[in-house]
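Notes follow the structure.
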Amino acid sequence: AEFTWILQDSNSPMHELLPEGDQCVLFPRRSLQEMAKLRSLPIGAPEVVMHEWLSHLTSVKFDWALNLGHDKTSGYILSQVQADRKTGLEWDGKSWKSLDNEWLKYLNNHFSSGLKSEFHYVDVLLRMADIPFTPPKAQKNKSKTILLQPFTSDSKKNWSMPNWVQLQKWITDNTDFKAVVVGAFFEETELLKSFAAEDIWLGGLGDLQTLVRTAALVVAGDTGIIHMAALAGIPTLTMSLGSSDPVKTSAFGQGHFVLSTTSECRPCGHNDT
């Protein structure tokens, strides 16, 4: 099967994770937002760019179009795509369509509004699309490397850096495992404030995926490396803090662990974190 993935331009690095042969189309959301701020451009300029982008996408007929998002933008794109079969939230500019799917209703009610869920996000999406999938069970392996990723995309979800330093030191002093601190290139300066250069690994998503497959354990906040590890069958420990929801977005599968707070607001909204 041939797959075409639509990613927001801010998520462009994720194309490194796509299987070879898959196509990637970037939605220029960031560019459209910046254009809307410029007084030097005509007020309708973003709309023109949007229509041009859609014209290229709609020139292709797909067998199946699947919307894995739950916002009006992704819903509107789904409404414009030509496909024999459409699954997911669809927005025609005035109202939601395709809400006859019970799991789609559940997704819309519990993930768009922030209501607590009894199901993982991936589980809801799989059931919505009727896709049979059993995630690999995390298994112990012979690796002697533990990966630690201190940063997430939201500082409110980060475990404090002194705690990460203490954890890395404890692993080094009390076990025969090597604790490697993982980060993106732009995080190097901050990581060097707390860790020695020889204990830090920096790289892109593609190289990180390869590294994760060699680990005995991955410890991180609510961020992408946890899901990479889960898909590879590598055990994980998620620090679910702040606005993180351990039920909705922790590692998907068996054999993983989550540490979370006991705060009454858990998962806490932006104003409570």
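Here, A, B, ... name the chains of the structure tokens in the order displayed, residue numbers run from 1 inside each chain, and ligands are numbered from 1 in the same displayed order.
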List every residue of segment 19-232 of chain A that DSSP, applied to the backbone, labels as strand (DSSP E), and write the result as a PyMOL selection string. chain A and resi 23-27+61-66+82-87+90-91+96-97+145-149+178-183+200-202+217-221
Let me see the file: selected residues, N, CA and C atoms, as a compact mmCIF listing (two decimals), in the first residue's frame.
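Wrote it out as part24.txt, contents follow:
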# COMPACT_ATOMS: atom_id res chain seq x y z
N GLN A 23 4.88 9.07 1.20
CA GLN A 23 4.92 10.47 0.82
C GLN A 23 4.55 11.36 2.01
N CYS A 24 5.15 12.54 2.06
CA CYS A 24 4.87 13.48 3.14
C CYS A 24 4.48 14.83 2.54
N VAL A 25 3.31 15.34 2.93
CA VAL A 25 2.83 16.65 2.49
C VAL A 25 2.74 17.55 3.71
N LEU A 26 3.42 18.70 3.67
CA LEU A 26 3.42 19.61 4.81
C LEU A 26 2.32 20.66 4.67
N PHE A 27 1.50 20.76 5.70
CA PHE A 27 0.47 21.79 5.74
C PHE A 27 1.08 23.08 6.29
N LYS A 61 -6.74 11.29 -6.23
CA LYS A 61 -7.84 10.50 -5.67
C LYS A 61 -7.26 9.40 -4.80
N PHE A 62 -7.73 9.33 -3.55
CA PHE A 62 -7.23 8.33 -2.60
C PHE A 62 -8.29 7.25 -2.38
N ASP A 63 -7.82 6.07 -2.01
CA ASP A 63 -8.74 4.99 -1.65
C ASP A 63 -9.35 5.24 -0.27
N TRP A 64 -8.52 5.76 0.64
CA TRP A 64 -8.98 5.97 2.01
C TRP A 64 -8.30 7.20 2.59
N ALA A 65 -9.08 8.10 3.14
CA ALA A 65 -8.54 9.28 3.82
C ALA A 65 -8.90 9.17 5.30
N LEU A 66 -7.89 9.20 6.15
CA LEU A 66 -8.07 8.99 7.58
C LEU A 66 -7.56 10.21 8.34
N GLN A 82 -10.42 14.08 -1.98
CA GLN A 82 -11.18 13.10 -2.76
C GLN A 82 -10.77 11.69 -2.35
N ALA A 83 -11.71 10.93 -1.83
CA ALA A 83 -11.40 9.58 -1.39
C ALA A 83 -12.66 8.72 -1.44
N ASP A 84 -12.48 7.43 -1.76
CA ASP A 84 -13.60 6.50 -1.79
C ASP A 84 -14.15 6.27 -0.39
N ARG A 85 -13.27 6.37 0.60
CA ARG A 85 -13.68 6.14 1.99
C ARG A 85 -13.04 7.21 2.87
N LYS A 86 -13.82 7.76 3.78
CA LYS A 86 -13.30 8.77 4.71
C LYS A 86 -13.62 8.36 6.14
N THR A 87 -12.61 8.51 7.01
CA THR A 87 -12.78 8.17 8.42
C THR A 87 -12.18 9.28 9.27
N GLU A 90 -14.84 15.27 10.37
CA GLU A 90 -14.93 16.01 9.11
C GLU A 90 -15.74 17.29 9.35
N TRP A 91 -15.18 18.43 8.97
CA TRP A 91 -15.80 19.73 9.20
C TRP A 91 -16.08 20.40 7.86
N TRP A 96 -19.92 19.61 12.20
CA TRP A 96 -19.20 18.35 12.13
C TRP A 96 -20.03 17.31 11.39
N LYS A 97 -19.33 16.50 10.59
CA LYS A 97 -19.98 15.41 9.88
C LYS A 97 -19.41 14.08 10.39
N THR A 145 22.19 0.08 28.56
CA THR A 145 22.02 1.52 28.38
C THR A 145 20.61 1.94 28.77
N ILE A 146 20.53 2.95 29.63
CA ILE A 146 19.27 3.57 30.01
C ILE A 146 19.25 4.98 29.45
N LEU A 147 18.22 5.30 28.68
CA LEU A 147 18.10 6.63 28.08
C LEU A 147 17.24 7.53 28.96
N LEU A 148 17.73 8.73 29.23
CA LEU A 148 17.00 9.73 30.01
C LEU A 148 16.77 10.96 29.13
N GLN A 149 15.52 11.36 28.97
CA GLN A 149 15.23 12.58 28.22
C GLN A 149 14.53 13.58 29.15
N LYS A 178 24.66 2.18 31.98
CA LYS A 178 25.13 3.52 31.60
C LYS A 178 23.92 4.39 31.31
N ALA A 179 23.83 5.52 31.99
CA ALA A 179 22.72 6.45 31.79
C ALA A 179 23.12 7.51 30.77
N VAL A 180 22.45 7.51 29.64
CA VAL A 180 22.72 8.46 28.56
C VAL A 180 21.60 9.50 28.52
N VAL A 181 21.97 10.77 28.59
CA VAL A 181 21.01 11.86 28.57
C VAL A 181 20.76 12.25 27.12
N VAL A 182 19.51 12.23 26.71
CA VAL A 182 19.13 12.42 25.31
C VAL A 182 18.49 13.79 25.11
N GLY A 183 18.83 14.42 23.98
CA GLY A 183 18.20 15.70 23.67
C GLY A 183 18.35 16.06 22.21
N ILE A 200 25.98 12.98 27.21
CA ILE A 200 24.86 13.54 26.44
C ILE A 200 24.89 13.01 25.01
N TRP A 201 23.72 12.63 24.52
CA TRP A 201 23.55 12.26 23.11
C TRP A 201 22.60 13.26 22.48
N LEU A 202 22.99 13.81 21.32
CA LEU A 202 22.16 14.76 20.59
C LEU A 202 21.91 14.25 19.18
N LEU A 217 16.01 0.57 28.82
CA LEU A 217 14.92 1.30 29.44
C LEU A 217 14.98 2.74 28.96
N VAL A 218 13.80 3.35 28.77
CA VAL A 218 13.71 4.77 28.42
C VAL A 218 12.91 5.48 29.52
N VAL A 219 13.50 6.53 30.09
CA VAL A 219 12.84 7.32 31.13
C VAL A 219 12.68 8.74 30.60
N ALA A 220 11.46 9.24 30.59
CA ALA A 220 11.21 10.58 30.04
C ALA A 220 9.87 11.10 30.53
N GLY A 221 9.60 12.35 30.21
CA GLY A 221 8.29 12.91 30.46
C GLY A 221 7.33 12.48 29.36
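Considering the residues A:Met161, A:Ile131, A:Val258, A:Met228 and counting only C-alpha atoms, Phe195 of chain A has its shortest atom-to-atom contact with A:Met161.
Relative to atom CA of Ala129 of chain A, atom CA of Gly88 of chain A is found at 7.5 Å.
Summary of the local environment: counting only C-alpha atoms, residues at most 12 Å from Asn11 of chain A, other than itself and those fewer than 2 positions away along its chain, are A:Trp5, A:Ile6, A:Leu7, A:Gln8, A:Asp9, A:Pro13, A:Met14, A:His15, A:Glu16, A:Leu17, A:Cys24, A:Val25, A:Leu26, A:Phe27, A:Pro28, A:Arg29, A:Arg30, A:Ser153, A:Leu205, A:Gly224.
Going from atom CA of Thr223 of chain A to atom CA of Thr152 of chain A covers 5.5 Å.
Nearest-residue note for Ala184 of chain A: choosing from A:Pro150, A:Ala232, A:Thr172, A:Val212, the minimum distance belongs to A:Pro150, counting only C-alpha atoms.
For the set A:Glu47, A:Phe111, A:His227, A:Val165, the residue with the smallest atom-to-atom gap to Asp199 of chain A is A:Val165, counting only C-alpha atoms.
Taking atom CA of Leu115 of chain A and atom CA of Ser244 of chain A as the two end points, the separation is 12.9 Å.
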Could you tell me which of A:Glu2, A:Gln80, A:Asp71, A:Trp103 comes closest to Phe119 of chain A if we count only C-alpha atoms? A:Trp103
So which one's closest to Pro135 of chain A, A:Ala216, A:Leu41, A:Leu237, A:Leu231? Using only C-alpha atoms, please. A:Leu231
Long-range neighbours of His51 of chain A as a PyMOL selection string, 12 Å cut-off, only C-alpha atoms, 4 positions minimum in chain: chain A and resi 27-28+32+44-47+55-58+76-77+80
Identify which of the residues A:Ala36, A:Leu241, A:Leu54, A:Val48 lies closest to Trp159 of chain A, counting only C-alpha atoms when measuring atom-to-atom distances. A:Leu241
